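Coordinates as given in structure11.tsv (TSV, N, CA and C atoms):
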chain	number	residue	atom	x	y	z
A	1	GLN	N	21.24	0.23	-2.58
A	1	GLN	CA	20.35	1.28	-2.11
A	1	GLN	C	18.91	0.82	-2.28
A	2	VAL	N	18.17	0.86	-1.19
A	2	VAL	CA	16.77	0.44	-1.23
A	2	VAL	C	15.94	1.52	-1.90
A	3	GLN	N	15.09	1.09	-2.82
A	3	GLN	CA	14.25	2.04	-3.52
A	3	GLN	C	12.87	1.43	-3.78
A	4	LEU	N	11.84	2.21	-3.52
A	4	LEU	CA	10.47	1.84	-3.83
A	4	LEU	C	9.91	2.90	-4.75
A	5	VAL	N	9.37	2.49	-5.89
A	5	VAL	CA	8.87	3.44	-6.85
A	5	VAL	C	7.43	3.07	-7.21
A	6	GLU	N	6.51	3.97	-6.88
A	6	GLU	CA	5.10	3.74	-7.18
A	6	GLU	C	4.74	4.28	-8.56
A	7	SER	N	3.72	3.69	-9.13
A	7	SER	CA	3.17	4.16	-10.40
A	7	SER	C	1.71	3.75	-10.49
A	8	GLY	N	1.01	4.33	-11.45
A	8	GLY	CA	-0.37	3.92	-11.71
A	8	GLY	C	-1.44	4.85	-11.19
A	9	GLY	N	-1.06	5.89	-10.49
A	9	GLY	CA	-2.06	6.83	-10.01
A	9	GLY	C	-2.67	7.62	-11.16
A	10	GLY	N	-3.71	8.36	-10.85
A	10	GLY	CA	-4.36	9.17	-11.87
A	10	GLY	C	-5.68	9.70	-11.38
A	11	SER	N	-6.46	10.23	-12.31
A	11	SER	CA	-7.77	10.79	-12.00
A	11	SER	C	-8.86	9.93	-12.64
A	12	VAL	N	-9.84	9.55	-11.84
A	12	VAL	CA	-10.95	8.74	-12.33
A	12	VAL	C	-12.24	9.25	-11.73
A	13	GLN	N	-13.34	8.87	-12.33
A	13	GLN	CA	-14.64	9.19	-11.76
A	13	GLN	C	-15.03	8.11	-10.76
A	14	ALA	N	-15.91	8.50	-9.87
A	14	ALA	CA	-16.40	7.55	-8.88
A	14	ALA	C	-16.96	6.30	-9.58
A	15	GLY	N	-16.63	5.15	-9.00
A	15	GLY	CA	-17.03	3.89	-9.59
A	15	GLY	C	-15.98	3.28	-10.49
A	16	GLY	N	-14.96	4.05	-10.82
A	16	GLY	CA	-13.91	3.58	-11.69
A	16	GLY	C	-12.86	2.75	-10.96
A	17	SER	N	-11.82	2.36	-11.71
A	17	SER	CA	-10.77	1.50	-11.17
A	17	SER	C	-9.40	2.05	-11.52
A	18	LEU	N	-8.45	1.74	-10.67
A	18	LEU	CA	-7.04	2.02	-10.91
A	18	LEU	C	-6.23	0.88	-10.36
A	19	ARG	N	-5.06	0.67	-10.93
A	19	ARG	CA	-4.13	-0.33	-10.41
A	19	ARG	C	-2.80	0.35	-10.13
A	20	LEU	N	-2.40	0.33	-8.88
A	20	LEU	CA	-1.13	0.89	-8.47
A	20	LEU	C	-0.07	-0.20	-8.43
A	21	SER	N	1.15	0.17	-8.77
A	21	SER	CA	2.28	-0.75	-8.69
A	21	SER	C	3.40	-0.11	-7.91
A	22	CYS	N	4.18	-0.95	-7.26
A	22	CYS	CA	5.35	-0.51	-6.50
A	22	CYS	C	6.51	-1.42	-6.85
A	23	ALA	N	7.51	-0.87	-7.50
A	23	ALA	CA	8.69	-1.64	-7.87
A	23	ALA	C	9.75	-1.47	-6.79
A	24	ALA	N	10.17	-2.58	-6.21
A	24	ALA	CA	11.16	-2.56	-5.14
A	24	ALA	C	12.51	-3.01	-5.67
A	25	SER	N	13.56	-2.31	-5.27
A	25	SER	CA	14.90	-2.69	-5.67
A	25	SER	C	15.86	-2.49	-4.50
A	26	GLY	N	16.97	-3.20	-4.55
A	26	GLY	CA	18.00	-3.03	-3.54
A	26	GLY	C	17.77	-3.83	-2.27
A	27	TYR	N	16.70	-4.62	-2.25
A	27	TYR	CA	16.39	-5.36	-1.02
A	27	TYR	C	15.41	-6.46	-1.37
A	28	THR	N	15.56	-7.58	-0.73
A	28	THR	CA	14.61	-8.68	-0.90
A	28	THR	C	13.78	-8.79	0.37
A	29	TYR	N	12.50	-8.56	0.23
A	29	TYR	CA	11.64	-8.51	1.40
A	29	TYR	C	11.05	-9.89	1.67
A	30	SER	N	11.57	-10.58	2.67
A	30	SER	CA	11.03	-11.87	3.05
A	30	SER	C	10.73	-11.84	4.53
A	31	SER	N	9.68	-12.58	4.92
A	31	SER	CA	9.27	-12.68	6.32
A	31	SER	C	9.05	-11.32	6.94
A	32	THR	N	8.42	-10.44	6.19
A	32	THR	CA	8.06	-9.13	6.71
A	32	THR	C	6.75	-8.70	6.02
A	33	TYR	N	6.39	-7.47	6.18
A	33	TYR	CA	5.18	-6.96	5.57
A	33	TYR	C	5.52	-5.84	4.59
A	34	MET	N	4.71	-5.75	3.56
A	34	MET	CA	4.69	-4.59	2.69
A	34	MET	C	3.27	-4.06	2.69
A	35	GLY	N	3.14	-2.77	2.47
A	35	GLY	CA	1.81	-2.20	2.56
A	35	GLY	C	1.60	-0.99	1.68
A	36	TRP	N	0.35	-0.64	1.55
A	36	TRP	CA	-0.06	0.59	0.87
A	36	TRP	C	-0.72	1.50	1.90
A	37	PHE	N	-0.34	2.74	1.83
A	37	PHE	CA	-0.87	3.76	2.73
A	37	PHE	C	-1.34	4.93	1.89
A	38	ARG	N	-2.19	5.76	2.45
A	38	ARG	CA	-2.62	6.95	1.73
A	38	ARG	C	-2.75	8.12	2.70
A	39	GLN	N	-2.63	9.29	2.10
A	39	GLN	CA	-2.74	10.51	2.91
A	39	GLN	C	-3.49	11.56	2.11
A	40	ALA	N	-4.60	12.01	2.66
A	40	ALA	CA	-5.37	13.09	2.05
A	40	ALA	C	-4.91	14.41	2.65
A	41	PRO	N	-5.10	15.50	1.93
A	41	PRO	CA	-4.67	16.81	2.45
A	41	PRO	C	-5.28	17.09	3.81
A	42	GLY	N	-4.43	17.48	4.75
A	42	GLY	CA	-4.91	17.82	6.08
A	42	GLY	C	-5.21	16.65	6.98
A	43	LYS	N	-4.94	15.45	6.50
A	43	LYS	CA	-5.21	14.25	7.28
A	43	LYS	C	-3.94	13.45	7.52
A	44	GLU	N	-3.99	12.57	8.51
A	44	GLU	CA	-2.86	11.73	8.79
A	44	GLU	C	-2.78	10.58	7.77
A	45	ARG	N	-1.56	10.09	7.62
A	45	ARG	CA	-1.38	8.93	6.76
A	45	ARG	C	-2.08	7.72	7.38
A	46	GLU	N	-2.79	6.96	6.56
A	46	GLU	CA	-3.52	5.81	7.07
A	46	GLU	C	-3.21	4.56	6.26
A	47	GLY	N	-3.29	3.43	6.92
A	47	GLY	CA	-3.06	2.17	6.26
A	47	GLY	C	-4.24	1.76	5.41
A	48	VAL	N	-3.97	1.27	4.22
A	48	VAL	CA	-5.00	0.82	3.29
A	48	VAL	C	-5.00	-0.70	3.19
A	49	ALA	N	-3.84	-1.27	2.93
A	49	ALA	CA	-3.73	-2.73	2.77
A	49	ALA	C	-2.30	-3.15	3.04
A	50	ALA	N	-2.14	-4.38	3.50
A	50	ALA	CA	-0.82	-4.91	3.77
A	50	ALA	C	-0.79	-6.39	3.42
A	51	ILE	N	0.42	-6.90	3.17
A	51	ILE	CA	0.58	-8.30	2.81
A	51	ILE	C	1.83	-8.83	3.47
A	52	TYR	N	1.75	-10.07	3.95
A	52	TYR	CA	2.92	-10.73	4.51
A	52	TYR	C	3.70	-11.33	3.36
A	53	THR	N	4.94	-10.94	3.22
A	53	THR	CA	5.68	-11.26	2.01
A	53	THR	C	6.03	-12.74	1.87
A	54	SER	N	6.01	-13.48	2.97
A	54	SER	CA	6.37	-14.90	2.89
A	54	SER	C	5.18	-15.83	3.00
A	55	GLY	N	3.97	-15.30	2.92
A	55	GLY	CA	2.82	-16.17	3.05
A	55	GLY	C	1.58	-15.70	2.34
A	56	ASP	N	1.59	-14.47	1.83
A	56	ASP	CA	0.46	-13.93	1.08
A	56	ASP	C	-0.76	-13.62	1.93
A	57	SER	N	-0.65	-13.65	3.24
A	57	SER	CA	-1.77	-13.19	4.07
A	57	SER	C	-1.97	-11.70	3.84
A	58	THR	N	-3.22	-11.29	3.71
A	58	THR	CA	-3.52	-9.90	3.40
A	58	THR	C	-4.42	-9.27	4.46
A	59	TYR	N	-4.30	-7.96	4.58
A	59	TYR	CA	-5.05	-7.23	5.59
A	59	TYR	C	-5.50	-5.91	4.97
A	60	TYR	N	-6.72	-5.51	5.33
A	60	TYR	CA	-7.30	-4.32	4.72
A	60	TYR	C	-7.94	-3.42	5.76
A	61	ALA	N	-7.91	-2.14	5.47
A	61	ALA	CA	-8.71	-1.22	6.27
A	61	ALA	C	-10.18	-1.48	5.97
A	62	ASP	N	-11.03	-1.28	6.96
A	62	ASP	CA	-12.46	-1.54	6.77
A	62	ASP	C	-13.03	-0.74	5.61
A	63	SER	N	-12.51	0.44	5.39
A	63	SER	CA	-13.06	1.34	4.37
A	63	SER	C	-12.83	0.84	2.95
A	64	VAL	N	-11.89	-0.11	2.77
A	64	VAL	CA	-11.59	-0.57	1.41
A	64	VAL	C	-11.87	-2.06	1.20
A	65	LYS	N	-12.28	-2.75	2.26
A	65	LYS	CA	-12.55	-4.18	2.13
A	65	LYS	C	-13.60	-4.45	1.07
A	66	GLY	N	-13.32	-5.42	0.22
A	66	GLY	CA	-14.24	-5.78	-0.85
A	66	GLY	C	-14.05	-4.96	-2.11
A	67	ARG	N	-13.26	-3.88	-2.02
A	67	ARG	CA	-13.04	-3.03	-3.20
A	67	ARG	C	-11.58	-3.05	-3.66
A	68	PHE	N	-10.66	-3.15	-2.70
A	68	PHE	CA	-9.24	-3.13	-3.02
A	68	PHE	C	-8.64	-4.52	-2.83
A	69	THR	N	-7.63	-4.83	-3.65
A	69	THR	CA	-6.91	-6.09	-3.52
A	69	THR	C	-5.42	-5.83	-3.62
A	70	ILE	N	-4.69	-6.26	-2.59
A	70	ILE	CA	-3.24	-6.15	-2.60
A	70	ILE	C	-2.64	-7.48	-3.04
A	71	SER	N	-1.56	-7.40	-3.82
A	71	SER	CA	-0.91	-8.62	-4.27
A	71	SER	C	0.57	-8.35	-4.47
A	72	GLN	N	1.33	-9.43	-4.57
A	72	GLN	CA	2.76	-9.29	-4.76
A	72	GLN	C	3.24	-10.27	-5.82
A	73	ASP	N	4.27	-9.88	-6.52
A	73	ASP	CA	4.95	-10.73	-7.48
A	73	ASP	C	6.39	-10.82	-7.03
A	74	ASN	N	6.71	-11.88	-6.31
A	74	ASN	CA	8.04	-11.98	-5.73
A	74	ASN	C	9.14	-12.08	-6.78
A	75	ALA	N	8.82	-12.70	-7.91
A	75	ALA	CA	9.82	-12.84	-8.96
A	75	ALA	C	10.22	-11.48	-9.51
A	76	LYS	N	9.25	-10.55	-9.55
A	76	LYS	CA	9.52	-9.23	-10.09
A	76	LYS	C	9.75	-8.20	-9.00
A	77	ASN	N	9.65	-8.64	-7.73
A	77	ASN	CA	9.80	-7.70	-6.61
A	77	ASN	C	8.85	-6.52	-6.75
A	78	THR	N	7.60	-6.83	-7.02
A	78	THR	CA	6.59	-5.81	-7.27
A	78	THR	C	5.39	-6.02	-6.36
A	79	LEU	N	4.90	-4.91	-5.83
A	79	LEU	CA	3.68	-4.90	-5.01
A	79	LEU	C	2.61	-4.15	-5.79
A	80	SER	N	1.39	-4.66	-5.77
A	80	SER	CA	0.30	-4.02	-6.53
A	80	SER	C	-0.91	-3.78	-5.64
A	81	LEU	N	-1.72	-2.83	-6.06
A	81	LEU	CA	-2.99	-2.55	-5.38
A	81	LEU	C	-4.04	-2.31	-6.46
A	82	GLN	N	-4.94	-3.25	-6.60
A	82	GLN	CA	-6.06	-3.10	-7.51
A	82	GLN	C	-7.20	-2.41	-6.77
A	83	MET	N	-7.64	-1.28	-7.29
A	83	MET	CA	-8.66	-0.49	-6.61
A	83	MET	C	-9.88	-0.40	-7.52
A	84	ASN	N	-10.98	-0.97	-7.07
A	84	ASN	CA	-12.24	-0.96	-7.81
A	84	ASN	C	-13.29	-0.17	-7.04
A	85	SER	N	-14.34	0.19	-7.75
A	85	SER	CA	-15.46	0.93	-7.14
A	85	SER	C	-14.95	2.12	-6.34
A	86	LEU	N	-14.08	2.89	-6.95
A	86	LEU	CA	-13.46	4.00	-6.24
A	86	LEU	C	-14.48	5.06	-5.84
A	87	LYS	N	-14.22	5.67	-4.70
A	87	LYS	CA	-15.08	6.71	-4.16
A	87	LYS	C	-14.29	8.01	-3.99
A	88	PRO	N	-14.95	9.15	-3.97
A	88	PRO	CA	-14.22	10.41	-3.76
A	88	PRO	C	-13.37	10.40	-2.50
A	89	GLU	N	-13.82	9.71	-1.46
A	89	GLU	CA	-13.05	9.66	-0.21
A	89	GLU	C	-11.78	8.80	-0.33
A	90	ASP	N	-11.59	8.13	-1.46
A	90	ASP	CA	-10.34	7.40	-1.69
A	90	ASP	C	-9.24	8.33	-2.22
A	91	THR	N	-9.57	9.55	-2.48
A	91	THR	CA	-8.60	10.52	-3.01
A	91	THR	C	-7.47	10.74	-2.03
A	92	GLY	N	-6.24	10.78	-2.57
A	92	GLY	CA	-5.09	11.04	-1.72
A	92	GLY	C	-3.80	10.61	-2.40
A	93	MET	N	-2.70	10.85	-1.70
A	93	MET	CA	-1.41	10.37	-2.17
A	93	MET	C	-1.24	8.96	-1.61
A	94	TYR	N	-0.92	8.04	-2.49
A	94	TYR	CA	-0.76	6.64	-2.09
A	94	TYR	C	0.72	6.28	-2.06
A	95	TYR	N	1.12	5.67	-0.95
A	95	TYR	CA	2.51	5.32	-0.73
A	95	TYR	C	2.67	3.81	-0.54
A	96	CYS	N	3.75	3.32	-1.07
A	96	CYS	CA	4.17	1.94	-0.85
A	96	CYS	C	5.18	1.94	0.30
A	97	ALA	N	5.10	0.94	1.17
A	97	ALA	CA	6.02	0.84	2.29
A	97	ALA	C	6.48	-0.60	2.43
A	98	ALA	N	7.69	-0.77	2.96
A	98	ALA	CA	8.26	-2.11	3.10
A	98	ALA	C	9.07	-2.24	4.37
A	99	ASP	N	9.25	-3.49	4.79
A	99	ASP	CA	10.12	-3.84	5.91
A	99	ASP	C	9.59	-3.33	7.24
A	100	LEU	N	8.54	-3.99	7.70
A	100	LEU	CA	7.94	-3.62	8.97
A	100	LEU	C	8.77	-4.16	10.14
A	101	GLU	N	8.99	-3.31	11.12
A	101	GLU	CA	9.67	-3.72	12.35
A	101	GLU	C	8.95	-3.13	13.54
A	102	PRO	N	8.65	-3.90	14.58
A	102	PRO	CA	8.77	-5.36	14.62
A	102	PRO	C	7.76	-6.03	13.69
A	103	VAL	N	8.06	-7.25	13.30
A	103	VAL	CA	7.20	-7.96	12.37
A	103	VAL	C	6.04	-8.57	13.15
A	104	TRP	N	4.95	-7.83	13.19
A	104	TRP	CA	3.77	-8.27	13.92
A	104	TRP	C	2.54	-7.79	13.18
A	105	VAL	N	1.62	-8.69	12.96
A	105	VAL	CA	0.45	-8.38	12.15
A	105	VAL	C	-0.32	-7.19	12.72
A	106	GLY	N	-0.26	-6.99	14.00
A	106	GLY	CA	-0.97	-5.86	14.60
A	106	GLY	C	-0.47	-4.51	14.15
A	107	TYR	N	0.74	-4.48	13.63
A	107	TYR	CA	1.32	-3.22	13.16
A	107	TYR	C	1.22	-3.05	11.65
A	108	ALA	N	0.68	-4.03	10.95
A	108	ALA	CA	0.77	-4.05	9.49
A	108	ALA	C	0.13	-2.84	8.83
A	109	LEU	N	-0.91	-2.27	9.41
A	109	LEU	CA	-1.58	-1.12	8.82
A	109	LEU	C	-1.26	0.18	9.55
A	110	ILE	N	-0.20	0.16	10.33
A	110	ILE	CA	0.24	1.36	11.04
A	110	ILE	C	1.52	1.85	10.39
A	111	PRO	N	1.57	3.11	9.96
A	111	PRO	CA	2.72	3.57	9.17
A	111	PRO	C	4.05	3.60	9.93
A	112	ASN	N	4.02	3.80	11.23
A	112	ASN	CA	5.25	4.11	11.96
A	112	ASN	C	6.31	3.03	11.91
A	113	GLY	N	5.91	1.78	11.73
A	113	GLY	CA	6.89	0.71	11.84
A	113	GLY	C	7.63	0.38	10.56
A	114	TYR	N	7.28	0.99	9.46
A	114	TYR	CA	7.91	0.65	8.19
A	114	TYR	C	9.19	1.44	7.98
A	115	ASN	N	10.20	0.75	7.50
A	115	ASN	CA	11.51	1.37	7.33
A	115	ASN	C	11.70	2.07	5.99
A	116	TYR	N	11.02	1.61	4.97
A	116	TYR	CA	11.24	2.15	3.63
A	116	TYR	C	9.92	2.60	3.00
A	117	TRP	N	10.01	3.73	2.31
A	117	TRP	CA	8.82	4.33	1.69
A	117	TRP	C	9.13	4.79	0.28
A	118	GLY	N	8.11	4.72	-0.57
A	118	GLY	CA	8.22	5.31	-1.88
A	118	GLY	C	7.86	6.78	-1.84
A	119	GLN	N	7.91	7.42	-3.00
A	119	GLN	CA	7.65	8.86	-3.07
A	119	GLN	C	6.17	9.18	-3.21
A	120	GLY	N	5.36	8.19	-3.51
A	120	GLY	CA	3.92	8.37	-3.59
A	120	GLY	C	3.42	8.57	-5.01
A	121	THR	N	2.16	8.22	-5.20
A	121	THR	CA	1.48	8.46	-6.47
A	121	THR	C	0.08	8.97	-6.16
A	122	GLN	N	-0.35	10.01	-6.87
A	122	GLN	CA	-1.59	10.69	-6.56
A	122	GLN	C	-2.79	9.96	-7.18
A	123	VAL	N	-3.81	9.78	-6.37
A	123	VAL	CA	-5.09	9.23	-6.84
A	123	VAL	C	-6.17	10.26	-6.56
A	124	THR	N	-6.90	10.63	-7.59
A	124	THR	CA	-7.99	11.60	-7.46
A	124	THR	C	-9.27	10.99	-8.01
A	125	VAL	N	-10.29	10.93	-7.17
A	125	VAL	CA	-11.57	10.37	-7.57
A	125	VAL	C	-12.62	11.47	-7.52
A	126	SER	N	-13.23	11.74	-8.65
A	126	SER	CA	-14.24	12.80	-8.71
A	126	SER	C	-15.65	12.20	-8.69
A	127	SER	N	-16.56	12.98	-8.14
A	127	SER	CA	-17.95	12.49	-8.03
A	127	SER	C	-18.76	12.81	-9.26
Can you give me the file's structure in the form of structure tokens?
Amino acid sequence: QVQLVESGGGSVQAGGSLRLSCAASGYTYSSTYMGWFRQAPGKEREGVAAIYTSGDSTYYADSVKGRFTISQDNAKNTLSLQMNSLKPEDTGMYYCAADLEPVWVGYALIPNGYNYWGQGTQVTVSS
């Protein structure tokens, strides 16, 4: 059974940092993409960052470039998101996603193509 479990969310003040983790089990993700997405109340889910699991190429939404870093630990089957210089507009539920189909970089930050999702972890940034 495929399972993605996020952790590391919390409440921080603007300018602070958080590190999110996603533990994957039941599946080995190779030659595909994994990503982080977020959804604020009343808004659509949006792509934050993605990584190609067999090459470490990374992709970021413009709003987080230079502040967020996505990484993977293949030995531990773990995906991470280091978030620095957090802003109130980063507030939302953050989701881990895996197994993009079709496997195309143009879809990496689009939620619709991912087959597996975690339950989410809440990030709240206060001003």
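Residue nearest Gln39 in chain A within the list A:Gly120, A:Pro102, A:Gly9, A:Gly26: A:Gly120 [criterion: smallest interatomic distance, only C-alpha atoms].
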Open item on the list: Would you compute the distance between CA of Gly106 in chain A and atom N of Gly8 in chain A? Give it in Å to one decimal.
Closed with: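 CA of Gly106 in chain A sits 28.0 Å away from atom N of Gly8 in chain A.
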Open item on the list: Just the number, please: distance in Å from atom N of Arg19 in chain A to CA of Ser126 in chain A, one decimal.
Closed with: 15.4 Å
- [ ] Have a look at A:Ala14, A:Tyr95, A:Asn77, A:Ser127 and name the one nearest to Tyr29 in chain A; count only N, CA and C atoms.
- [x]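 The shortest atom-to-atom distance to Tyr29 in chain A comes from A:Asn77.
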Task: Given only C-alpha atoms as the counted atoms, nearest of A:Val5, A:Met93, A:Ala40, A:Val64 to Ala23 in chain A - done: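 Answer, going by the shortest atom-to-atom distance: A:Val5.
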TODO: Pick out the closest residue to Lys87 in chain A from this set: A:Thr69, A:Thr124, A:Ser21, A:Gln3. Count only C-alpha atoms.
DONE: A:Thr124
Open item on the list: So that I can check the surroundings of Tyr59 in chain A, please list as a PyMOL selection string every protein, DNA and RNA residue that reaches within 6.5 Å of it, counting only N, CA and C atoms and ignoring chain neighbours fewer than 5 positions away.
Closed with: chain A and resi 48-52
Generate the output file for the selected residues, N, CA and C atoms, as a tab-separated table (two decimals), in the coordinates of the input.
chain	number	residue	atom	x	y	z
A	48	VAL	N	-3.97	1.27	4.22
A	48	VAL	CA	-5.00	0.82	3.29
A	48	VAL	C	-5.00	-0.70	3.19
A	49	ALA	N	-3.84	-1.27	2.93
A	49	ALA	CA	-3.73	-2.73	2.77
A	49	ALA	C	-2.30	-3.15	3.04
A	50	ALA	N	-2.14	-4.38	3.50
A	50	ALA	CA	-0.82	-4.91	3.77
A	50	ALA	C	-0.79	-6.39	3.42
A	51	ILE	N	0.42	-6.90	3.17
A	51	ILE	CA	0.58	-8.30	2.81
A	51	ILE	C	1.83	-8.83	3.47
A	52	TYR	N	1.75	-10.07	3.95
A	52	TYR	CA	2.92	-10.73	4.51
A	52	TYR	C	3.70	-11.33	3.36
Open item on the list: So that I can see what lies close to Thr32 in chain A, please list as a list of chain:residue names the residues with an atom at most 8 Å from it, counting only C-alpha atoms and leaving out residues fewer than 2 positions away in the same chain.
Closed with: A:Tyr29, A:Ser30, A:Met34, A:Tyr52, A:Thr53, A:Ser54, A:Ala98, A:Asp99, A:Leu100, A:Glu101, A:Val103
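Going from CA of Pro41 in chain A over to CA of Thr91 in chain A, you cover 9.2 Å.
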Task: Which residue of A:Ser31, A:Tyr94, A:Leu20, A:Gln82 approaches Thr121 in chain A most closely, using only N, CA and C atoms - done: A:Tyr94
Show me that you can extract range 24-32 of chain A, keeping all heavy atoms, and write it as a PDB file, in the first residue's frame.
ATOM      1  N   ALA A  24       7.886   8.223   2.369  1.00  0.00           N
ATOM      2  CA  ALA A  24       7.178   7.419   1.380  1.00  0.00           C
ATOM      3  C   ALA A  24       7.379   5.941   1.666  1.00  0.00           C
ATOM      4  O   ALA A  24       8.478   5.506   1.976  1.00  0.00           O
ATOM      5  CB  ALA A  24       7.678   7.751  -0.019  1.00  0.00           C
ATOM      6  N   SER A  25       6.311   5.177   1.562  1.00  0.00           N
ATOM      7  CA  SER A  25       6.416   3.737   1.757  1.00  0.00           C
ATOM      8  C   SER A  25       5.518   3.024   0.756  1.00  0.00           C
ATOM      9  O   SER A  25       4.571   3.600   0.225  1.00  0.00           O
ATOM     10  CB  SER A  25       6.020   3.347   3.182  1.00  0.00           C
ATOM     11  OG  SER A  25       4.685   3.721   3.448  1.00  0.00           O
ATOM     12  N   GLY A  26       5.840   1.764   0.499  1.00  0.00           N
ATOM     13  CA  GLY A  26       5.013   0.953  -0.379  1.00  0.00           C
ATOM     14  C   GLY A  26       5.300   1.129  -1.851  1.00  0.00           C
ATOM     15  O   GLY A  26       4.648   0.529  -2.699  1.00  0.00           O
ATOM     16  N   TYR A  27       6.296   1.953  -2.171  1.00  0.00           N
ATOM     17  CA  TYR A  27       6.567   2.217  -3.589  1.00  0.00           C
ATOM     18  C   TYR A  27       7.958   2.822  -3.694  1.00  0.00           C
ATOM     19  O   TYR A  27       8.358   3.613  -2.850  1.00  0.00           O
ATOM     20  CB  TYR A  27       5.525   3.195  -4.139  1.00  0.00           C
ATOM     21  CG  TYR A  27       5.563   3.377  -5.638  1.00  0.00           C
ATOM     22  CD1 TYR A  27       4.887   2.516  -6.475  1.00  0.00           C
ATOM     23  CD2 TYR A  27       6.263   4.427  -6.211  1.00  0.00           C
ATOM     24  CE1 TYR A  27       4.898   2.677  -7.846  1.00  0.00           C
ATOM     25  CE2 TYR A  27       6.291   4.605  -7.574  1.00  0.00           C
ATOM     26  CZ  TYR A  27       5.612   3.731  -8.388  1.00  0.00           C
ATOM     27  OH  TYR A  27       5.638   3.900  -9.741  1.00  0.00           O
ATOM     28  N   THR A  28       8.657   2.476  -4.733  1.00  0.00           N
ATOM     29  CA  THR A  28       9.959   3.081  -4.998  1.00  0.00           C
ATOM     30  C   THR A  28       9.809   4.006  -6.200  1.00  0.00           C
ATOM     31  O   THR A  28       9.478   3.566  -7.290  1.00  0.00           O
ATOM     32  CB  THR A  28      11.027   2.021  -5.302  1.00  0.00           C
ATOM     33  OG1 THR A  28      11.148   1.159  -4.174  1.00  0.00           O
ATOM     34  CG2 THR A  28      12.357   2.685  -5.574  1.00  0.00           C
ATOM     35  N   TYR A  29      10.029   5.273  -5.961  1.00  0.00           N
ATOM     36  CA  TYR A  29       9.793   6.261  -7.001  1.00  0.00           C
ATOM     37  C   TYR A  29      11.074   6.504  -7.792  1.00  0.00           C
ATOM     38  O   TYR A  29      11.979   7.181  -7.312  1.00  0.00           O
ATOM     39  CB  TYR A  29       9.300   7.565  -6.373  1.00  0.00           C
ATOM     40  CG  TYR A  29       8.029   7.379  -5.584  1.00  0.00           C
ATOM     41  CD1 TYR A  29       8.046   7.345  -4.194  1.00  0.00           C
ATOM     42  CD2 TYR A  29       6.824   7.200  -6.234  1.00  0.00           C
ATOM     43  CE1 TYR A  29       6.887   7.160  -3.477  1.00  0.00           C
ATOM     44  CE2 TYR A  29       5.655   7.010  -5.518  1.00  0.00           C
ATOM     45  CZ  TYR A  29       5.695   6.987  -4.140  1.00  0.00           C
ATOM     46  OH  TYR A  29       4.551   6.800  -3.429  1.00  0.00           O
ATOM     47  N   SER A  30      11.149   5.958  -8.983  1.00  0.00           N
ATOM     48  CA  SER A  30      12.298   6.192  -9.840  1.00  0.00           C
ATOM     49  C   SER A  30      11.797   6.670 -11.191  1.00  0.00           C
ATOM     50  O   SER A  30      10.723   6.304 -11.644  1.00  0.00           O
ATOM     51  CB  SER A  30      13.126   4.924  -9.985  1.00  0.00           C
ATOM     52  OG  SER A  30      12.364   3.906 -10.603  1.00  0.00           O
ATOM     53  N   SER A  31      12.605   7.541 -11.823  1.00  0.00           N
ATOM     54  CA  SER A  31      12.281   8.087 -13.135  1.00  0.00           C
ATOM     55  C   SER A  31      10.909   8.730 -13.160  1.00  0.00           C
ATOM     56  O   SER A  31      10.128   8.556 -14.097  1.00  0.00           O
ATOM     57  CB  SER A  31      12.371   6.991 -14.205  1.00  0.00           C
ATOM     58  OG  SER A  31      13.665   6.441 -14.231  1.00  0.00           O
ATOM     59  N   THR A  32      10.601   9.461 -12.112  1.00  0.00           N
ATOM     60  CA  THR A  32       9.353  10.210 -12.064  1.00  0.00           C
ATOM     61  C   THR A  32       9.618  11.482 -11.243  1.00  0.00           C
ATOM     62  O   THR A  32      10.758  11.801 -10.957  1.00  0.00           O
ATOM     63  CB  THR A  32       8.218   9.368 -11.448  1.00  0.00           C
ATOM     64  OG1 THR A  32       6.995  10.120 -11.511  1.00  0.00           O
ATOM     65  CG2 THR A  32       8.513   8.998 -10.002  1.00  0.00           C
TER      66      THR A  32
END
